Amino acid sequence: MIDWPVTLPRRHRSKPGILAAVLASAMAIVAAAAVATPAAADARLDAWIEGLWPDAKAAGVSRATFDKALSGFTPDLKLPDLDLPGRPSNDSRGQAEFTRAPSEYLDRAYLMRLAATGRTLAAEHRATLEKIERELGVDRYSVLAIWGRETAFGHHKLPYDAITVVATQAYLGRRKDMFRTELIAALKMLDSGVPRSLMRASWAGAMGLTQFMPSEYFKHAHDLDGDGKTDIWHSVPDALASAASQLKGKGWVAGQTWGYEVKLTRAADCGFEGPTQERPISEWAKLGLKRANGKPWTDAQLALNAYMMSPAGGYGPSFLVLENYNVIRRYNMSDLYAVFVGNLADRIAGGGDFVTPWGGMGPQKTRNIEEIQQRLQALGYDVEKIDGKVGSNTRKVIGQYERASNLKVDCWPSDAVLDHVRKTASRESPR
Ligand code: CA
């Protein structure tokens with residue numbers, strides 16, 4: 001059974017050209033196991049494409065679609081998050097959520113502009129949004145906030161061809177398995193009649209007004225306007241219903257908010273952050289946690305499970321977050337993203353700034369954060385990853401260390417914390 005032609009039609013590769021030569025030699029470097037020639041790199045790519053076919057076929061992709069989509073595939077080596085020689089291991093240049101301070105990512109002026117547009121769009125698409133609330137149980141403000149965060153209500157230009165992006169990530173990315181699945185789903189989209197010219201994407205392969213990954217398209221795309229086509233690119237009803245369907249599929253709890261801003265106490269400091277310390281709000285209330293806006297907890301709220309989130313440690317607002325916060329994170333795996341979407345939803349609904357402002361913290365050196373993580377891990381703290389990033393777990397363990405060491409608990413990898421863990425380590429290490 002020979003499904004794949006021995007020689008692929010790759011005419012553009014056989015043409016001599018400086019760009020082709022540069023790309024080919026870069027590919028050869030990548031193909032560490034192969035002989036470093038363009039021909040070897042081509043052979044490796046051909047073999048990889050050949051290896052995709054059985055899965056594509058099993059998923060129902062036609063041979064004609066497969067050939068047409070991939071016969072001219074050239075990886076885009078300029079994409080972020082690729083596993084290439086000479087790139088740092090924690091390269092995530094494309095992900096603003098991981099490279100910007102909370103005060104910058106949750107830029108107040110930007111949130112206010114989006115919220116103003118969101119309120120206009122809420123009126124314009126009122127019938128659609130009411131239908132979504134009725135049929136899918138996701139409130140209009142959260143749906144609009146996803147649209148606003150993802151593409152600024154359709155104003156972001158999506159610069160990439162989705163097939164090239166997911167194929168490059170599947171071939172050379174850090175998350176090859178995930179993108180292999182996305183590539184097969186993207187091929188299925190082509191096979192189902194979606195034109196390739198429509199499939200414009202972010203660097204990570206997300207498409208349309210509310211940024212759908214190809215696999216999510218098949219799970220959650222929703223033809224709300226009932227014209228027989230699911231158009232997440234041009235139809236606002238389809239795109240918003242698809243986003244709501246995805247949120248519902250990820251566990252959205254109808255009628256519930258994402259979280260409450262709280263004032264931390266000595267008994268419930270920022271070292272209590274994170275999902276591993278989730279408990280009923282009644283327990284948090286016993287530790288003295290109050291809502292930042294001064295409103296008392298209601299009985300219904302006291303019965304809910306919540307965990308603490310302090311994206312800026314002791315230098316910004318803290319929250320008790322509910323299940324819908326987790327659902328928003330499943331749309332895009334970032335705490336800042338979830339807080340942004342939650343706050344934007346509240347603003348569109350008429351809310352405003354958090355009570356506690358985001359403080360200004362100096363830039364943190366990756367190597368200093370890594371050293372703090374390494375030293376806390378050596379001291380027995382529950383450090384998940386040595387990655388040089390100020391994630392939720394890192395803030396938590398720093399807070400726990402500060403509490404145990406009678407330092408000011410700010411859950412932030414400051415120079416003071418670095419000096420202290422160095423001294424502790426030198427005291428505890430055997431001579
Ligand atoms: Ca439609």
# chains A, B, ... in the order shown; residues from 1 in each chain; ligands from 1
$ closest_atom_pairs --of "chain A" --to "ligand 1" --cutoff "6 Å" --atoms "only C-alpha atoms and all ligand atoms" --output "Markdown table"
| residue | atom | partner | partner_atom_place_in_ligand_line | distance |
| --- | --- | --- | --- | --- |
| A:Asp223 | CA | ligand 1 | 1 (Ca) | 4.2 |
| A:Leu224 | CA | ligand 1 | 1 (Ca) | 5.8 |
| A:Asp225 | CA | ligand 1 | 1 (Ca) | 4.8 |
| A:Gly226 | CA | ligand 1 | 1 (Ca) | 5.2 |
| A:Asp227 | CA | ligand 1 | 1 (Ca) | 4.7 |
| A:Gly228 | CA | ligand 1 | 1 (Ca) | 5.7 |
| A:Lys229 | CA | ligand 1 | 1 (Ca) | 4.4 |
| A:Thr230 | CA | ligand 1 | 1 (Ca) | 4.4 |
| A:Asp231 | CA | ligand 1 | 1 (Ca) | 5.3 |
| A:Asp238 | CA | ligand 1 | 1 (Ca) | 5.4 |
$ select_by_dssp --residues "range 50-241 of chain A" --states "helix (DSSP H, G or I)" --output "VMD selection string"
chain A and resid 50 to 58 63 to 70 96 to 99 102 to 105 108 to 124 126 to 136 140 to 151 162 to 172 176 to 191 196 to 198 214 to 220 236 to 241
$ closest_atom_pairs --of "range 328-375 of chain A" --to "range 297-311 of chain A" --cutoff "9 Å" --atoms "only C-alpha atoms" --output "Markdown table"
| residue | atom | partner | partner_atom | distance |
| --- | --- | --- | --- | --- |
| A:Asp335 | CA | A:Pro311 | CA | 7.2 |
| A:Leu336 | CA | A:Pro311 | CA | 6.9 |
| A:Val339 | CA | A:Pro311 | CA | 8.7 |
$ closest_atom_pairs --of "range 123-214 of chain A" --to "range 251-266 of chain A" --cutoff "10 Å" --atoms "only C-alpha atoms" --output "tab-separated table"
residue	atom	partner	partner_atom	distance
A:Glu133	CA	A:Ala254	CA	8.7
A:Leu136	CA	A:Ala254	CA	8.5
A:Gly137	CA	A:Ala254	CA	5.1
A:Val138	CA	A:Ala254	CA	5.9
A:Asp139	CA	A:Gly255	CA	7.4
A:Ser142	CA	A:Thr257	CA	9.1
$ residues_around --residues "range 110-127 of chain A" --least-positions-apart "4" --cutoff "8 Å" --atoms "only C-alpha atoms" --output "PyMOL selection string"
chain A and resi 106+131+140-141+144-145+148+152+344-345+347-349
$ residues_around --residues "range 419-430 of chain A" --least-positions-apart "3" --cutoff "7 Å" --atoms "only C-alpha atoms" --output "JSON, numbers by chain"
{"A": [372, 375, 415, 416]}
$ select_by_dssp --residues "range 303-366 of chain A" --states "strand (DSSP E)" --output "short mmCIF file (atom, residue, chain, number, x, y, z; two decimals) with N, CA, C and O atoms, in the first residue's frame"
data_model
loop_
_atom_site.label_atom_id
_atom_site.label_comp_id
_atom_site.auth_asym_id
_atom_site.auth_seq_id
_atom_site.Cartn_x
_atom_site.Cartn_y
_atom_site.Cartn_z
N ASN A 305 -16.55 27.43 46.72
CA ASN A 305 -15.12 27.16 46.82
C ASN A 305 -14.36 28.21 46.02
O ASN A 305 -14.78 28.59 44.92
N ALA A 306 -13.25 28.66 46.58
CA ALA A 306 -12.47 29.69 45.90
C ALA A 306 -11.00 29.55 46.26
O ALA A 306 -10.66 29.04 47.33
N TYR A 307 -10.13 29.98 45.36
CA TYR A 307 -8.71 30.07 45.73
C TYR A 307 -8.19 31.47 45.50
O TYR A 307 -8.81 32.27 44.80
N MET A 308 -7.07 31.77 46.15
CA MET A 308 -6.53 33.12 46.11
C MET A 308 -5.64 33.31 44.89
O MET A 308 -4.90 32.40 44.51
N MET A 309 -5.73 34.47 44.30
CA MET A 309 -4.88 34.83 43.17
C MET A 309 -4.35 36.24 43.41
O MET A 309 -5.13 37.17 43.61
N SER A 318 -5.63 41.50 45.11
CA SER A 318 -5.73 40.05 45.27
C SER A 318 -7.19 39.65 45.09
O SER A 318 -8.09 40.45 45.31
N PHE A 319 -7.37 38.40 44.70
CA PHE A 319 -8.73 37.94 44.40
C PHE A 319 -8.98 36.57 45.02
O PHE A 319 -8.05 35.79 45.21
N LEU A 320 -10.26 36.30 45.33
CA LEU A 320 -10.69 34.92 45.52
C LEU A 320 -11.39 34.55 44.22
O LEU A 320 -12.35 35.22 43.82
N VAL A 321 -10.88 33.53 43.54
CA VAL A 321 -11.42 33.21 42.22
C VAL A 321 -12.24 31.92 42.26
O VAL A 321 -11.95 30.99 43.02
#
$ residues_around --residues "range 387-391 of chain A" --least-positions-apart "3" --cutoff "6 Å" --atoms "only C-alpha atoms" --output "PyMOL selection string"
chain A and resi 366+369-370+394
$ residues_around --residues "range 405-413 of chain A" --least-positions-apart "6" --cutoff "6 Å" --atoms "only C-alpha atoms" --output "PyMOL selection string"
chain A and resi 313-314+395+398-399
$ residues_around --residues "range 74-78 of chain A" --least-positions-apart "6" --cutoff "8 Å" --atoms "only C-alpha atoms" --output "number ranges by chain"
A: 164-165, 167-168, 171
$ write_last_selection --atoms "N, CA, C and O atoms" --output "PDB file, in the first residue's frame"
ATOM      1  N   THR A 164       0.523  26.791   7.849  1.00  0.00           N
ATOM      2  CA  THR A 164       1.975  26.964   8.012  1.00  0.00           C
ATOM      3  C   THR A 164       2.338  27.044   9.491  1.00  0.00           C
ATOM      4  O   THR A 164       3.314  26.435   9.944  1.00  0.00           O
ATOM      5  N   VAL A 165       1.535  27.781  10.267  1.00  0.00           N
ATOM      6  CA  VAL A 165       1.831  27.945  11.689  1.00  0.00           C
ATOM      7  C   VAL A 165       1.737  26.613  12.443  1.00  0.00           C
ATOM      8  O   VAL A 165       2.683  26.203  13.132  1.00  0.00           O
ATOM      9  N   ALA A 167       1.673  23.577  11.289  1.00  0.00           N
ATOM     10  CA  ALA A 167       2.614  22.577  10.766  1.00  0.00           C
ATOM     11  C   ALA A 167       4.027  22.865  11.261  1.00  0.00           C
ATOM     12  O   ALA A 167       4.764  21.952  11.660  1.00  0.00           O
ATOM     13  N   THR A 168       4.429  24.158  11.265  1.00  0.00           N
ATOM     14  CA  THR A 168       5.758  24.512  11.780  1.00  0.00           C
ATOM     15  C   THR A 168       5.879  24.145  13.255  1.00  0.00           C
ATOM     16  O   THR A 168       6.879  23.551  13.690  1.00  0.00           O
ATOM     17  N   TYR A 171       6.193  20.467  13.672  1.00  0.00           N
ATOM     18  CA  TYR A 171       7.464  19.922  13.183  1.00  0.00           C
ATOM     19  C   TYR A 171       8.643  20.357  14.052  1.00  0.00           C
ATOM     20  O   TYR A 171       9.521  19.557  14.372  1.00  0.00           O
TER      21      TYR A 171
END
$ atom_distance --atom1 "CA of Ala186 in chain A" --atom2 "CA of Ala58 in chain A"
14.2 Å
$ atom_distance --atom1 "CA of Lys248 in chain A" --atom2 "CA of Ser215 in chain A"
15.7 Å
$ decode --residues "range 242-256 of chain A" --atoms "all heavy atoms" --output "PDB file, in the first residue's frame"
ATOM      1  N   SER A 242     -19.864  30.541  19.281  1.00  0.00           N
ATOM      2  CA  SER A 242     -18.800  29.535  19.318  1.00  0.00           C
ATOM      3  C   SER A 242     -17.934  29.717  20.556  1.00  0.00           C
ATOM      4  O   SER A 242     -17.580  28.748  21.234  1.00  0.00           O
ATOM      5  CB  SER A 242     -17.942  29.629  18.050  1.00  0.00           C
ATOM      6  OG  SER A 242     -18.734  29.360  16.896  1.00  0.00           O
ATOM      7  N   ALA A 243     -17.608  30.980  20.873  1.00  0.00           N
ATOM      8  CA  ALA A 243     -16.825  31.244  22.093  1.00  0.00           C
ATOM      9  C   ALA A 243     -17.607  30.812  23.331  1.00  0.00           C
ATOM     10  O   ALA A 243     -17.061  30.171  24.237  1.00  0.00           O
ATOM     11  CB  ALA A 243     -16.466  32.727  22.177  1.00  0.00           C
ATOM     12  N   ALA A 244     -18.907  31.143  23.361  1.00  0.00           N
ATOM     13  CA  ALA A 244     -19.736  30.756  24.509  1.00  0.00           C
ATOM     14  C   ALA A 244     -19.841  29.238  24.615  1.00  0.00           C
ATOM     15  O   ALA A 244     -19.773  28.667  25.706  1.00  0.00           O
ATOM     16  CB  ALA A 244     -21.126  31.370  24.375  1.00  0.00           C
ATOM     17  N   SER A 245     -19.966  28.584  23.469  1.00  0.00           N
ATOM     18  CA  SER A 245     -20.046  27.126  23.467  1.00  0.00           C
ATOM     19  C   SER A 245     -18.745  26.512  23.998  1.00  0.00           C
ATOM     20  O   SER A 245     -18.751  25.525  24.735  1.00  0.00           O
ATOM     21  CB  SER A 245     -20.326  26.651  22.038  1.00  0.00           C
ATOM     22  OG  SER A 245     -20.172  25.262  21.945  1.00  0.00           O
ATOM     23  N   GLN A 246     -17.636  27.145  23.622  1.00  0.00           N
ATOM     24  CA  GLN A 246     -16.350  26.649  24.136  1.00  0.00           C
ATOM     25  C   GLN A 246     -16.254  26.849  25.652  1.00  0.00           C
ATOM     26  O   GLN A 246     -15.820  25.939  26.382  1.00  0.00           O
ATOM     27  CB  GLN A 246     -15.183  27.366  23.434  1.00  0.00           C
ATOM     28  CG  GLN A 246     -13.866  26.664  23.696  1.00  0.00           C
ATOM     29  CD  GLN A 246     -12.659  27.290  23.017  1.00  0.00           C
ATOM     30  OE1 GLN A 246     -11.568  27.213  23.553  1.00  0.00           O
ATOM     31  NE2 GLN A 246     -12.824  27.887  21.852  1.00  0.00           N
ATOM     32  N   LEU A 247     -16.691  28.004  26.133  1.00  0.00           N
ATOM     33  CA  LEU A 247     -16.675  28.239  27.585  1.00  0.00           C
ATOM     34  C   LEU A 247     -17.584  27.234  28.295  1.00  0.00           C
ATOM     35  O   LEU A 247     -17.218  26.661  29.321  1.00  0.00           O
ATOM     36  CB  LEU A 247     -17.127  29.671  27.899  1.00  0.00           C
ATOM     37  CG  LEU A 247     -16.158  30.788  27.483  1.00  0.00           C
ATOM     38  CD1 LEU A 247     -16.816  32.156  27.650  1.00  0.00           C
ATOM     39  CD2 LEU A 247     -14.856  30.735  28.283  1.00  0.00           C
ATOM     40  N   LYS A 248     -18.778  27.006  27.720  1.00  0.00           N
ATOM     41  CA  LYS A 248     -19.700  26.029  28.313  1.00  0.00           C
ATOM     42  C   LYS A 248     -19.057  24.647  28.345  1.00  0.00           C
ATOM     43  O   LYS A 248     -19.111  23.938  29.350  1.00  0.00           O
ATOM     44  CB  LYS A 248     -21.000  26.003  27.515  1.00  0.00           C
ATOM     45  CG  LYS A 248     -22.064  25.126  28.136  1.00  0.00           C
ATOM     46  CD  LYS A 248     -23.308  25.021  27.278  1.00  0.00           C
ATOM     47  CE  LYS A 248     -24.322  24.114  27.975  1.00  0.00           C
ATOM     48  NZ  LYS A 248     -25.396  23.726  27.067  1.00  0.00           N
ATOM     49  N   GLY A 249     -18.420  24.276  27.228  1.00  0.00           N
ATOM     50  CA  GLY A 249     -17.766  22.969  27.151  1.00  0.00           C
ATOM     51  C   GLY A 249     -16.623  22.815  28.143  1.00  0.00           C
ATOM     52  O   GLY A 249     -16.285  21.705  28.548  1.00  0.00           O
ATOM     53  N   LYS A 250     -16.017  23.935  28.521  1.00  0.00           N
ATOM     54  CA  LYS A 250     -14.905  23.877  29.471  1.00  0.00           C
ATOM     55  C   LYS A 250     -15.394  24.002  30.909  1.00  0.00           C
ATOM     56  O   LYS A 250     -14.600  24.091  31.836  1.00  0.00           O
ATOM     57  CB  LYS A 250     -13.885  24.984  29.149  1.00  0.00           C
ATOM     58  CG  LYS A 250     -13.156  24.766  27.812  1.00  0.00           C
ATOM     59  CD  LYS A 250     -12.193  25.896  27.507  1.00  0.00           C
ATOM     60  CE  LYS A 250     -11.607  25.821  26.091  1.00  0.00           C
ATOM     61  NZ  LYS A 250     -10.975  24.552  25.736  1.00  0.00           N
ATOM     62  N   GLY A 251     -16.726  24.044  31.097  1.00  0.00           N
ATOM     63  CA  GLY A 251     -17.271  23.963  32.458  1.00  0.00           C
ATOM     64  C   GLY A 251     -17.879  25.232  33.019  1.00  0.00           C
ATOM     65  O   GLY A 251     -18.027  25.366  34.241  1.00  0.00           O
ATOM     66  N   TRP A 252     -18.245  26.188  32.175  1.00  0.00           N
ATOM     67  CA  TRP A 252     -18.802  27.453  32.652  1.00  0.00           C
ATOM     68  C   TRP A 252     -19.994  27.225  33.590  1.00  0.00           C
ATOM     69  O   TRP A 252     -20.870  26.416  33.295  1.00  0.00           O
ATOM     70  CB  TRP A 252     -19.259  28.316  31.473  1.00  0.00           C
ATOM     71  CG  TRP A 252     -19.622  29.717  31.858  1.00  0.00           C
ATOM     72  CD1 TRP A 252     -20.871  30.193  32.128  1.00  0.00           C
ATOM     73  CD2 TRP A 252     -18.729  30.820  32.022  1.00  0.00           C
ATOM     74  NE1 TRP A 252     -20.803  31.534  32.450  1.00  0.00           N
ATOM     75  CE2 TRP A 252     -19.503  31.943  32.402  1.00  0.00           C
ATOM     76  CE3 TRP A 252     -17.334  30.966  31.901  1.00  0.00           C
ATOM     77  CZ2 TRP A 252     -18.924  33.200  32.650  1.00  0.00           C
ATOM     78  CZ3 TRP A 252     -16.776  32.216  32.142  1.00  0.00           C
ATOM     79  CH2 TRP A 252     -17.568  33.311  32.511  1.00  0.00           C
ATOM     80  N   VAL A 253     -19.988  27.928  34.709  1.00  0.00           N
ATOM     81  CA  VAL A 253     -21.096  27.834  35.661  1.00  0.00           C
ATOM     82  C   VAL A 253     -22.017  29.027  35.421  1.00  0.00           C
ATOM     83  O   VAL A 253     -21.647  30.178  35.667  1.00  0.00           O
ATOM     84  CB  VAL A 253     -20.578  27.856  37.118  1.00  0.00           C
ATOM     85  CG1 VAL A 253     -21.746  27.673  38.090  1.00  0.00           C
ATOM     86  CG2 VAL A 253     -19.523  26.772  37.336  1.00  0.00           C
ATOM     87  N   ALA A 254     -23.227  28.749  34.899  1.00  0.00           N
ATOM     88  CA  ALA A 254     -24.167  29.820  34.559  1.00  0.00           C
ATOM     89  C   ALA A 254     -24.545  30.611  35.805  1.00  0.00           C
ATOM     90  O   ALA A 254     -24.725  30.041  36.885  1.00  0.00           O
ATOM     91  CB  ALA A 254     -25.413  29.233  33.902  1.00  0.00           C
ATOM     92  N   GLY A 255     -24.624  31.913  35.651  1.00  0.00           N
ATOM     93  CA  GLY A 255     -25.093  32.765  36.744  1.00  0.00           C
ATOM     94  C   GLY A 255     -24.029  33.097  37.779  1.00  0.00           C
ATOM     95  O   GLY A 255     -24.332  33.752  38.779  1.00  0.00           O
ATOM     96  N   GLN A 256     -22.793  32.656  37.556  1.00  0.00           N
ATOM     97  CA  GLN A 256     -21.747  32.920  38.545  1.00  0.00           C
ATOM     98  C   GLN A 256     -20.683  33.838  37.951  1.00  0.00           C
ATOM     99  O   GLN A 256     -20.425  33.815  36.747  1.00  0.00           O
ATOM    100  CB  GLN A 256     -21.092  31.594  38.953  1.00  0.00           C
ATOM    101  CG  GLN A 256     -20.695  31.552  40.415  1.00  0.00           C
ATOM    102  CD  GLN A 256     -20.274  30.143  40.821  1.00  0.00           C
ATOM    103  OE1 GLN A 256     -19.191  29.691  40.460  1.00  0.00           O
ATOM    104  NE2 GLN A 256     -21.130  29.456  41.539  1.00  0.00           N
TER     105      GLN A 256
END
